[in-house]
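Shown here: run_11.txt, compact mmCIF, C-alpha atoms.
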# COMPACT_ATOMS: atom_id res chain seq x y z
CA MET A 1184 -28.16 28.31 -2.05
CA PRO A 1185 -26.94 24.74 -1.59
CA MET A 1186 -26.89 23.37 1.92
CA ASP A 1187 -23.94 20.97 1.58
CA TRP A 1188 -22.88 21.76 5.14
CA ILE A 1189 -25.86 19.80 6.43
CA TRP A 1190 -24.20 16.50 5.43
CA GLY A 1191 -21.18 17.37 7.58
CA LEU A 1192 -23.48 18.14 10.48
CA ILE A 1193 -25.38 14.87 10.05
CA GLY A 1194 -22.11 12.94 9.76
CA GLY A 1195 -20.76 14.58 12.91
CA LEU A 1196 -23.93 13.76 14.80
CA LEU A 1197 -23.75 10.13 13.67
CA ILE A 1198 -20.09 9.83 14.68
CA GLY A 1199 -20.79 11.43 18.05
CA THR A 1200 -23.77 9.16 18.61
CA GLY A 1201 -21.72 6.10 17.68
CA GLY A 1202 -18.98 7.15 20.09
CA ALA A 1203 -21.49 7.70 22.88
CA VAL A 1204 -23.18 4.34 22.29
CA LEU A 1205 -19.84 2.52 22.36
CA LEU A 1206 -18.71 4.35 25.51
CA LEU A 1207 -21.99 3.96 27.38
CA GLY A 1208 -22.71 0.44 26.14
CA ASN A 1209 -19.24 -1.13 26.35
CA GLY A 1210 -17.20 1.33 28.37
CA ARG A 1211 -14.77 1.71 25.46
CA VAL A 1212 -13.61 4.87 23.73
CA MET A 1213 -14.24 4.89 19.99
CA GLY A 1214 -10.81 5.20 18.45
CA ALA A 1215 -11.06 4.08 14.83
CA SER A 1216 -7.31 3.52 14.41
CA GLY A 1217 -7.18 1.46 17.59
CA ILE A 1218 -10.18 -0.61 16.52
CA LEU A 1219 -8.65 -1.32 13.11
CA GLY A 1220 -5.14 -1.66 14.54
CA GLY A 1221 -6.33 -4.34 16.97
CA LEU A 1222 -7.54 -6.40 14.02
CA VAL A 1223 -4.36 -5.89 12.02
CA ASP A 1224 -1.83 -6.65 14.76
CA ARG A 1225 -4.11 -9.25 16.42
CA SER A 1226 -3.99 -7.52 19.80
CA GLY A 1227 -7.75 -7.05 19.77
CA TRP A 1228 -8.88 -10.45 18.58
CA GLY A 1229 -10.80 -10.99 21.80
CA THR A 1230 -13.29 -8.46 20.46
CA ALA A 1231 -12.72 -9.18 16.77
CA ALA A 1232 -16.42 -9.46 15.88
CA GLU A 1233 -17.19 -6.07 17.43
CA ARG A 1234 -14.18 -4.50 15.72
CA ALA A 1235 -15.04 -6.02 12.34
CA ALA A 1236 -18.65 -4.82 12.64
CA PHE A 1237 -17.38 -1.29 13.31
CA VAL A 1238 -15.01 -1.32 10.32
CA ILE A 1239 -17.67 -2.78 8.01
CA GLY A 1240 -20.16 -0.18 9.24
CA VAL A 1241 -17.75 2.68 8.61
CA ILE A 1242 -17.25 1.51 5.03
CA ALA A 1243 -20.76 0.27 4.22
CA THR A 1244 -22.87 3.08 5.71
CA PRO A 1245 -21.72 5.86 3.34
CA LEU A 1246 -22.02 3.50 0.38
CA LEU A 1247 -25.56 2.57 1.38
CA MET A 1248 -26.51 6.19 1.97
CA LEU A 1249 -25.22 7.13 -1.49
CA GLN A 1250 -27.37 4.38 -3.00
CA ILE A 1251 -30.47 5.21 -0.95
CA LEU A 1252 -30.31 8.97 -1.44
CA GLY A 1253 -28.95 8.83 -4.99
CA LEU A 1254 -26.24 11.38 -4.24
CA GLU A 1255 -22.75 11.65 -5.60
CA ALA A 1256 -19.80 12.16 -3.30
CA ASP A 1257 -17.53 15.07 -4.18
CA THR A 1258 -14.52 14.54 -1.95
CA HIS A 1259 -12.06 16.93 -3.63
CA LEU A 1260 -9.48 14.15 -3.24
CA THR A 1261 -6.29 14.65 -5.20
CA SER A 1262 -5.65 12.40 -8.18
CA ASN A 1263 -2.02 12.00 -7.09
CA TRP A 1264 -1.98 8.50 -5.55
CA PHE A 1265 1.51 9.01 -4.11
CA VAL A 1266 0.10 11.84 -1.99
CA VAL A 1267 -2.88 9.72 -0.91
CA ILE A 1268 -0.67 6.77 0.12
CA ALA A 1269 1.91 8.99 1.84
CA ALA A 1270 -0.86 10.81 3.73
CA GLY A 1271 -2.38 7.53 4.86
CA LEU A 1272 0.97 6.24 6.11
CA LEU A 1273 1.72 9.49 7.92
CA VAL A 1274 -1.70 9.53 9.58
CA GLY A 1275 -1.19 5.90 10.63
CA ALA A 1276 2.23 6.67 12.09
CA GLY A 1277 0.88 9.74 13.85
CA THR A 1278 -1.95 7.81 15.45
CA ARG A 1279 0.50 5.26 16.85
CA ILE A 1280 2.80 8.00 18.16
CA ALA A 1281 -0.13 9.84 19.80
CA ASN A 1282 -1.68 6.62 21.13
CA GLY A 1283 -4.96 7.56 19.51
CA CYS A 1284 -6.63 9.10 16.51
CA THR A 1285 -8.99 11.87 15.49
CA SER A 1286 -12.03 9.93 16.64
CA GLY A 1287 -10.48 8.83 19.92
CA HIS A 1288 -8.93 12.14 20.88
CA GLY A 1289 -11.13 14.58 18.96
CA VAL A 1290 -14.61 13.14 19.31
CA CYS A 1291 -14.37 11.13 22.51
CA GLY A 1292 -11.51 12.91 24.28
CA ILE A 1293 -12.87 16.42 23.96
CA SER A 1294 -16.39 15.34 24.91
CA ARG A 1295 -14.97 13.84 28.13
CA PHE A 1296 -12.92 17.01 28.80
CA SER A 1297 -9.72 14.97 28.57
CA LEU A 1298 -6.72 17.33 28.62
CA ARG A 1299 -4.69 14.74 26.71
CA GLY A 1300 -7.42 14.51 24.05
CA ILE A 1301 -7.71 18.28 23.73
CA VAL A 1302 -3.94 18.77 23.41
CA ALA A 1303 -3.65 15.94 20.87
CA THR A 1304 -6.51 17.37 18.83
CA VAL A 1305 -4.97 20.86 18.77
CA PHE A 1306 -1.65 19.44 17.58
CA TYR A 1307 -3.00 17.14 14.88
CA ILE A 1308 -5.20 19.91 13.47
CA LEU A 1309 -2.23 22.28 13.54
CA ALA A 1310 -0.03 19.66 11.84
CA GLY A 1311 -2.70 19.02 9.21
CA GLY A 1312 -3.05 22.72 8.46
CA LEU A 1313 0.71 23.23 8.20
CA THR A 1314 1.01 20.16 5.97
CA LEU A 1315 -1.68 21.51 3.65
CA VAL A 1316 0.02 24.90 3.43
CA LEU A 1317 3.38 23.25 2.75
CA PHE A 1318 2.23 20.79 0.11
CA ARG A 1319 -0.45 22.87 -1.64
CA HIS A 1320 0.82 26.43 -1.40
CA ILE A 1321 4.59 26.13 -1.07
CA LEU A 1322 5.47 22.91 -2.96
CA GLY A 1323 2.41 22.88 -5.25
CA VAL A 1324 2.07 19.08 -4.99
CA ILE A 1325 -1.66 18.80 -4.31
Any chance you could put this one into structure tokens?
Amino acid sequence: MPMDWIWGLIGGLLIGTGGAVLLLGNGRVMGASGILGGLVDRSGWGTAAERAAFVIGVIATPLLMLQILGLEADTHLTSNWFVVIAAGLLVGAGTRIANGCTSGHGVCGISRFSLRGIVATVFYILAGGLTLVLFRHILGVI
């Protein structure tokens, strides 16, 4: 029996550890959209090197792990690029509306027992589930 779930567990542990290190070391909550957003809109250029290192690490680490372990990534991503782009834009808009993202609210907010983080996480997971049902099962798009 394959143990593919172990990679999700390892990834979750790494994300949680990264969030804890950033919070304990710098006193900042790890919100990936806020880190990237601060680079894009220049509001976070005071910590640009730290932000860039985070973004590069998020991209480079899985690529390095694939090379080191010789694995192939099976993401089950749709081949419909319109859906991928639309989903990315909607997630970006949602993170701005919620003043945070899945990593900020879900990983760091819940671990700090933040009511705001817990409520945001419940709603974005609910919205994601409803979106999947709508697009995959009702509209048949993905």
Close residues, range 1216-1226 of chain A itself excluded, 8 Å, all atoms listed in the file, min 6 positions apart in chain, as a list in words
Arg1234, Ala1235, Phe1237, Val1238, Gly1275, Thr1278, Gly1283 and Cys1284 of chain A
Residues from the last selection, C-alpha atoms, saved as a PDB file, keeping the file's coordinate frame:
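And here's again11.pdb as it stands now:
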ATOM      1  CA  ARG A1234     -14.180  -4.500  15.720  1.00  0.00           C
ATOM      2  CA  ALA A1235     -15.040  -6.020  12.340  1.00  0.00           C
ATOM      3  CA  PHE A1237     -17.380  -1.290  13.310  1.00  0.00           C
ATOM      4  CA  VAL A1238     -15.010  -1.320  10.320  1.00  0.00           C
ATOM      5  CA  GLY A1275      -1.190   5.900  10.630  1.00  0.00           C
ATOM      6  CA  THR A1278      -1.950   7.810  15.450  1.00  0.00           C
ATOM      7  CA  GLY A1283      -4.960   7.560  19.510  1.00  0.00           C
ATOM      8  CA  CYS A1284      -6.630   9.100  16.510  1.00  0.00           C
TER       9      CYS A1284
END
Work out how far CA of Arg1319 in chain A is from CA of Ser1262 in chain A, in Å to one decimal.
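So the answer is 13.4 Å.
Nearest to Arg1295 in chain A of all the residues A:Leu1246, A:Ala1281, A:Leu1252, A:Leu1206 is A:Leu1206, counting only C-alpha atoms.
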I want to know what sits within 7 Å of range 1300-1306 of chain A, based on only C-alpha atoms, with residues of the same chain fewer than 4 positions away left out; could you give that as a PyMOL selection string?
chain A and resi 1285+1288-1289+1292-1293+1310
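Note that the spacing between CA of Gly1201 in chain A and CA of Met1213 in chain A amounts to 7.9 Å.
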What does the distance from CA of Ile1280 in chain A to CA of Leu1298 in chain A come to in Å, to one decimal?
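Rounded to one decimal, the two atoms are 16.9 Å apart.
Using all atoms listed in the file for every distance, the candidate list A:Tyr1307, A:Leu1192, A:Gly1253, A:Ile1242 yields A:Tyr1307 as the residue closest to Leu1273 in chain A.
For the residues A:Ser1297, A:Val1241, A:Thr1314, A:Arg1279, ranking by smallest atom-to-atom distance to Gly1194 in chain A using only C-alpha atoms places A:Val1241 first.
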